[in-house]
Protein chains: 2
Amino acid sequence: MSHSTKCAACKSLRRRCCKDCVLAPYFPPTNPQRFSRVHKVFGASNITKMLEQLPLHLRAVAADCMSFEASSRVEDPVYGSVGIISQLQEQIIKAESELAKTKSEIAFHNAQQLQQQQNESSSCKIEELHDTDEATTNSTVKPVSSKNSK
Amino acid sequence: MSHSTKCAACKSLRRRCCKDCVLAPYFPPTNPQRFSRVHKVFGASNITKMLEQLPLHLRAVAADCMSFEASSRVEDPVYGSVGIISQLQEQIIKAESELAKTKSEIAFHNAQQLQQQQNESSSCKIEELHDTDEATTNSTVKPVSSKNSK
(Lines give C-alpha, C1' and ligand atoms only; values in the text may rest on other atoms or scores of the structure.)
Protein backbone atom coordinates (compact mmCIF):
# COMPACT_ATOMS: atom_id res chain seq x y z
CA MET A 1 0.00 0.00 0.00
CA SER A 2 1.28 3.48 -0.79
CA HIS A 3 0.49 7.00 0.43
CA SER A 4 -2.20 8.75 -1.57
CA THR A 5 0.30 11.58 -2.05
CA LYS A 6 3.99 10.80 -2.47
CA CYS A 7 6.33 12.35 0.14
CA ALA A 8 8.90 14.91 -1.06
CA ALA A 9 11.65 12.26 -0.99
CA CYS A 10 9.78 9.65 -3.05
CA LYS A 11 8.57 12.35 -5.46
CA SER A 12 12.14 13.58 -5.94
CA LEU A 13 13.53 10.05 -6.29
CA ARG A 14 10.62 9.07 -8.61
CA ARG A 15 9.72 6.00 -6.61
CA ARG A 16 6.59 4.57 -5.04
CA CYS A 17 5.93 5.98 -1.56
CA CYS A 18 5.13 2.91 0.54
CA LYS A 19 3.06 2.99 3.72
CA ASP A 20 6.19 2.38 5.81
CA CYS A 21 8.31 5.03 4.03
CA VAL A 22 10.85 6.13 6.64
CA LEU A 23 11.17 9.62 5.18
CA ALA A 24 7.47 10.42 4.55
CA PRO A 25 6.61 11.69 8.08
CA TYR A 26 9.48 14.21 7.99
CA PHE A 27 9.57 15.28 4.37
CA PRO A 28 6.02 16.22 3.29
CA PRO A 29 5.27 16.94 -0.39
CA THR A 30 4.37 20.52 0.62
CA ASN A 31 8.05 21.30 1.31
CA PRO A 32 10.13 19.84 -1.53
CA GLN A 33 13.04 22.24 -0.77
CA ARG A 34 13.54 20.67 2.65
CA PHE A 35 14.19 17.25 1.13
CA SER A 36 16.15 18.71 -1.75
CA ARG A 37 18.69 20.35 0.59
CA VAL A 38 19.05 17.29 2.83
CA HIS A 39 19.39 15.07 -0.25
CA LYS A 40 22.10 17.30 -1.71
CA VAL A 41 24.16 17.30 1.49
CA PHE A 42 23.60 13.89 3.09
CA GLY A 43 22.07 11.81 0.31
CA ALA A 44 18.73 9.99 0.58
CA SER A 45 20.35 6.67 1.49
CA ASN A 46 22.31 8.16 4.40
CA ILE A 47 19.32 10.08 5.77
CA THR A 48 17.20 6.92 5.65
CA LYS A 49 19.93 4.88 7.40
CA MET A 50 20.49 7.56 10.06
CA LEU A 51 16.75 7.86 10.78
CA GLU A 52 16.21 4.09 10.84
CA GLN A 53 18.90 3.75 13.52
CA LEU A 54 16.91 6.00 15.85
CA PRO A 55 13.81 5.23 17.93
CA LEU A 56 10.62 6.62 16.38
CA HIS A 57 10.14 9.41 18.95
CA LEU A 58 13.56 10.94 18.16
CA ARG A 59 13.31 10.87 14.36
CA ALA A 60 11.42 14.18 13.93
CA VAL A 61 14.07 16.10 15.91
CA ALA A 62 16.87 14.34 14.04
CA ALA A 63 15.24 15.19 10.67
CA ASP A 64 14.88 18.83 11.75
CA CYS A 65 18.53 18.98 12.83
CA MET A 66 19.72 17.36 9.59
CA SER A 67 17.56 19.80 7.65
CA PHE A 68 19.13 22.70 9.57
CA GLU A 69 22.66 21.36 8.95
CA ALA A 70 21.93 20.88 5.26
CA SER A 71 20.54 24.43 4.93
CA SER A 72 23.63 25.79 6.68
CA ARG A 73 25.92 23.95 4.26
CA VAL A 74 23.91 25.06 1.22
CA GLU A 75 24.11 28.69 2.44
CA ASP A 76 27.79 28.44 3.44
CA PRO A 77 29.44 25.66 1.38
CA VAL A 78 32.79 26.09 3.16
CA TYR A 79 31.91 26.27 6.85
CA GLY A 80 28.29 25.01 6.99
CA SER A 81 26.93 24.72 10.54
CA VAL A 82 30.51 24.89 11.86
CA GLY A 83 30.47 28.56 10.76
CA ILE A 84 27.55 29.17 13.12
CA ILE A 85 29.44 27.37 15.91
CA SER A 86 32.47 29.64 15.32
CA GLN A 87 30.29 32.79 15.38
CA LEU A 88 28.62 31.69 18.61
CA GLN A 89 31.98 30.88 20.20
CA GLU A 90 33.22 34.39 19.29
CA GLN A 91 30.00 35.84 20.75
CA ILE A 92 30.61 33.87 23.98
CA ILE A 93 34.22 35.07 24.19
CA LYS A 94 32.96 38.67 23.71
CA ALA A 95 30.18 38.30 26.30
CA GLU A 96 32.49 36.62 28.82
CA SER A 97 35.17 39.26 28.29
CA GLU A 98 32.57 42.02 28.82
CA LEU A 99 31.37 40.16 31.93
CA ALA A 100 34.92 39.95 33.32
CA LYS A 101 35.43 43.69 32.59
CA THR A 102 32.12 44.56 34.27
CA LYS A 103 32.97 42.38 37.30
CA SER A 104 36.33 44.12 37.65
CA GLU A 105 34.46 47.46 37.53
CA ILE A 106 32.27 46.24 40.40
CA ALA A 107 35.36 45.14 42.35
CA PHE A 108 36.83 48.64 41.77
CA HIS A 109 33.57 50.28 42.93
CA ASN A 110 33.52 48.10 46.04
CA ALA A 111 37.15 48.89 46.87
CA GLN A 112 36.47 52.59 46.30
CA GLN A 113 33.41 52.49 48.57
CA LEU A 114 35.33 50.64 51.29
CA GLN A 115 38.13 53.23 51.07
CA GLN A 116 35.53 56.02 51.33
CA GLN A 117 33.91 54.40 54.37
CA GLN A 118 37.31 54.01 56.03
CA ASN A 119 38.12 57.68 55.30
CA GLU A 120 34.74 58.76 56.72
CA SER A 121 35.33 56.60 59.80
CA SER A 122 38.80 58.21 60.33
CA SER A 123 37.29 61.65 59.70
CA CYS A 124 34.58 60.97 62.30
CA LYS A 125 37.21 59.93 64.85
CA ILE A 126 39.18 63.14 64.16
CA GLU A 127 35.97 65.18 64.49
CA GLU A 128 35.15 63.39 67.73
CA LEU A 129 38.63 64.16 69.05
CA HIS A 130 38.20 67.75 67.85
CA ASP A 131 34.78 67.96 69.57
CA THR A 132 36.28 66.57 72.79
CA ASP A 133 39.07 69.17 72.59
CA GLU A 134 36.49 71.92 72.03
CA ALA A 135 34.39 70.66 74.91
CA THR A 136 37.47 70.66 77.13
CA THR A 137 38.40 74.18 76.00
CA ASN A 138 34.80 75.38 76.57
CA SER A 139 34.69 73.86 80.02
CA THR A 140 37.95 75.56 80.96
CA VAL A 141 36.88 78.81 79.37
CA LYS A 142 33.39 78.88 80.95
CA PRO A 143 34.51 79.13 84.56
CA VAL A 144 36.91 81.91 83.55
CA SER A 145 34.07 83.65 81.74
CA SER A 146 31.74 83.11 84.70
CA LYS A 147 34.44 84.38 86.98
CA ASN A 148 34.77 87.46 84.86
CA SER A 149 30.99 87.91 84.79
CA LYS A 150 30.80 87.65 88.52
CA MET B 1 49.11 7.82 -12.83
CA SER B 2 48.11 6.99 -9.26
CA HIS B 3 49.40 7.90 -5.78
CA SER B 4 52.05 5.53 -4.48
CA THR B 5 49.81 5.12 -1.40
CA LYS B 6 46.04 5.16 -1.75
CA CYS B 7 44.19 7.90 0.17
CA ALA B 8 41.81 6.86 2.97
CA ALA B 9 38.81 7.40 0.64
CA CYS B 10 40.12 5.29 -2.26
CA LYS B 11 41.34 2.62 0.17
CA SER B 12 37.89 2.46 1.79
CA LEU B 13 36.10 2.46 -1.58
CA ARG B 14 38.59 -0.11 -2.98
CA ARG B 15 39.39 1.97 -6.05
CA ARG B 16 42.50 3.28 -7.80
CA CYS B 17 43.69 6.57 -6.27
CA CYS B 18 44.42 8.75 -9.33
CA LYS B 19 46.82 11.70 -9.30
CA ASP B 20 43.90 14.11 -9.46
CA CYS B 21 41.89 12.44 -6.68
CA VAL B 22 39.80 15.24 -5.16
CA LEU B 23 39.70 13.61 -1.72
CA ALA B 24 43.36 12.53 -1.42
CA PRO B 25 44.76 15.86 -0.05
CA TYR B 26 42.19 15.92 2.77
CA PHE B 27 41.80 12.27 3.66
CA PRO B 28 45.27 10.77 4.14
CA PRO B 29 45.66 6.99 4.61
CA THR B 30 47.08 7.68 8.08
CA ASN B 31 43.62 8.72 9.31
CA PRO B 32 41.06 6.23 7.95
CA GLN B 33 38.57 7.13 10.72
CA ARG B 34 38.29 10.69 9.39
CA PHE B 35 37.07 9.45 6.00
CA SER B 36 34.98 6.70 7.54
CA ARG B 37 32.92 9.22 9.58
CA VAL B 38 32.48 11.67 6.68
CA HIS B 39 31.55 8.79 4.37
CA LYS B 40 28.96 7.49 6.84
CA VAL B 41 27.27 10.89 7.22
CA PHE B 42 27.64 12.63 3.85
CA GLY B 43 28.61 9.83 1.47
CA ALA B 44 31.74 9.83 -0.71
CA SER B 45 29.88 11.12 -3.75
CA ASN B 46 28.43 14.15 -1.92
CA ILE B 47 31.77 15.05 -0.29
CA THR B 48 33.49 14.89 -3.67
CA LYS B 49 30.78 17.05 -5.29
CA MET B 50 30.83 19.59 -2.46
CA LEU B 51 34.63 19.88 -2.54
CA GLU B 52 34.75 20.10 -6.36
CA GLN B 53 32.38 23.08 -6.26
CA LEU B 54 34.86 25.04 -4.12
CA PRO B 55 38.07 26.82 -5.16
CA LEU B 56 41.19 24.83 -4.22
CA HIS B 57 42.28 27.15 -1.40
CA LEU B 58 38.97 26.65 0.49
CA ARG B 59 38.77 22.87 0.21
CA ALA B 60 40.94 22.04 3.23
CA VAL B 61 38.78 24.18 5.55
CA ALA B 62 35.60 22.72 4.05
CA ALA B 63 36.91 19.17 4.53
CA ASP B 64 37.80 19.97 8.15
CA CYS B 65 34.33 21.41 8.76
CA MET B 66 32.59 18.44 7.15
CA SER B 67 34.77 16.13 9.23
CA PHE B 68 33.78 18.02 12.38
CA GLU B 69 30.08 17.89 11.44
CA ALA B 70 30.31 14.17 10.70
CA SER B 71 32.04 13.47 14.04
CA SER B 72 29.33 15.46 15.82
CA ARG B 73 26.60 13.43 14.15
CA VAL B 74 28.35 10.10 14.88
CA GLU B 75 28.70 11.15 18.54
CA ASP B 76 25.15 12.53 18.76
CA PRO B 77 22.96 10.83 16.11
CA VAL B 78 19.91 12.95 17.01
CA TYR B 79 21.24 16.50 17.26
CA GLY B 80 24.69 16.32 15.60
CA SER B 81 26.40 19.72 15.33
CA VAL B 82 23.03 21.40 15.98
CA GLY B 83 23.34 20.08 19.55
CA ILE B 84 26.58 22.06 19.93
CA ILE B 85 24.82 25.15 18.51
CA SER B 86 22.01 24.76 21.07
CA GLN B 87 24.51 24.37 23.94
CA LEU B 88 26.41 27.47 22.83
CA GLN B 89 23.18 29.46 22.49
CA GLU B 90 22.24 28.45 26.05
CA GLN B 91 25.74 29.47 27.21
CA ILE B 92 25.30 32.87 25.51
CA ILE B 93 21.88 33.40 27.10
CA LYS B 94 23.45 32.55 30.49
CA ALA B 95 26.45 34.85 29.95
CA GLU B 96 24.27 37.72 28.68
CA SER B 97 21.85 37.30 31.57
CA GLU B 98 24.78 37.35 34.04
CA LEU B 99 26.12 40.43 32.24
CA ALA B 100 22.74 42.21 32.50
CA LYS B 101 22.57 41.30 36.22
CA THR B 102 26.11 42.57 36.81
CA LYS B 103 25.40 45.80 34.91
CA SER B 104 22.29 46.39 37.02
CA GLU B 105 24.46 45.84 40.11
CA ILE B 106 26.82 48.55 38.82
CA ALA B 107 23.87 50.88 38.18
CA PHE B 108 22.70 50.23 41.78
CA HIS B 109 26.22 50.93 43.13
CA ASN B 110 26.39 54.17 41.13
CA ALA B 111 22.97 55.29 42.33
CA GLN B 112 23.94 54.44 45.91
CA GLN B 113 27.20 56.38 45.61
CA LEU B 114 25.41 59.40 44.13
CA GLN B 115 22.88 59.32 46.98
CA GLN B 116 25.73 59.12 49.50
CA GLN B 117 27.52 62.07 47.86
CA GLN B 118 24.27 64.10 47.91
CA ASN B 119 23.75 63.23 51.60
CA GLU B 120 27.33 64.25 52.41
CA SER B 121 26.86 67.48 50.49
CA SER B 122 23.62 68.27 52.43
CA SER B 123 25.34 67.30 55.68
CA CYS B 124 28.22 69.70 54.88
CA LYS B 125 25.75 72.51 54.18
CA ILE B 126 24.00 71.85 57.53
CA GLU B 127 27.36 71.82 59.29
CA GLU B 128 28.31 75.07 57.56
CA LEU B 129 25.00 76.62 58.67
CA HIS B 130 25.59 75.28 62.18
CA ASP B 131 29.14 76.71 62.19
CA THR B 132 27.77 80.09 61.00
CA ASP B 133 25.14 80.00 63.79
CA GLU B 134 27.81 79.21 66.36
CA ALA B 135 30.01 81.99 65.02
CA THR B 136 27.07 84.41 65.25
CA THR B 137 26.26 83.27 68.79
CA ASN B 138 29.91 83.64 69.79
CA SER B 139 30.13 87.09 68.24
CA THR B 140 26.97 88.24 70.09
CA VAL B 141 28.08 86.62 73.29
CA LYS B 142 31.57 88.00 73.19
CA PRO B 143 30.64 91.72 73.48
CA VAL B 144 28.34 90.83 76.39
CA SER B 145 31.11 88.85 77.97
CA SER B 146 33.57 91.63 77.26
CA LYS B 147 31.10 94.16 78.65
CA ASN B 148 30.81 92.05 81.77
CA SER B 149 34.51 91.69 82.00
CA LYS B 150 35.01 95.39 81.62
# chains A, B, ... in the order shown; residues from 1 in each chain; ligands from 1
>>> closest_atom_pairs(of="chain B", to="chain A", cutoff="7 Å", atoms="only C-alpha atoms", output="tab-separated table")
residue	atom	partner	partner_atom	distance
B:Val41	CA	A:Phe42	CA	6.3
B:Phe42	CA	A:Phe42	CA	4.3
B:Gly43	CA	A:Phe42	CA	6.7
B:Asn46	CA	A:Val41	CA	6.3
B:Leu58	CA	A:Val78	CA	6.8
B:Val61	CA	A:Val78	CA	6.7
B:Ala62	CA	A:Val78	CA	4.5
B:Cys65	CA	A:Tyr79	CA	5.8
B:Val78	CA	A:Ala62	CA	4.5
B:Tyr79	CA	A:Cys65	CA	5.7
B:Ser81	CA	A:Ser81	CA	6.9
B:Val82	CA	A:Cys65	CA	6.0
B:Ile85	CA	A:Ile85	CA	5.7
B:Leu88	CA	A:Leu88	CA	6.4
B:Ile92	CA	A:Ile92	CA	5.6
B:Ala95	CA	A:Ala95	CA	6.3
B:Glu96	CA	A:Ala95	CA	6.4
B:Leu99	CA	A:Leu99	CA	5.3
B:Thr102	CA	A:Thr102	CA	6.8
B:Lys103	CA	A:Thr102	CA	6.9
B:Ile106	CA	A:Ile106	CA	6.1
B:Ser145	CA	A:Ser149	CA	6.9
B:Asn148	CA	A:Ser149	CA	5.1
B:Ser149	CA	A:Asn148	CA	5.1
>>> closest_residue(among="B:Ser12, B:Thr5, B:Ser71, B:Gln117", to="Pro32 of chain B", atoms="only C-alpha atoms")
B:Ser12
>>> select_by_dssp(residues="segment 3-144 of chain B", states="alpha helix (DSSP H)", output="ChimeraX atom specification")
/B:8-12,32-41,44-52,56-75,81-144
>>> residues_around(residues="Arg34 of chain A", least_positions_apart="5", cutoff="9 Å", atoms="only C-alpha atoms", output="list of chain:residue names")
A:Ala8, A:Phe27, A:Pro28, A:His39, A:Ser67, A:Ala70, A:Ser71
>>> atom_distance(atom1="atom CA of His57 of chain A", atom2="atom CA of Cys21 of chain A")
15.7 Å
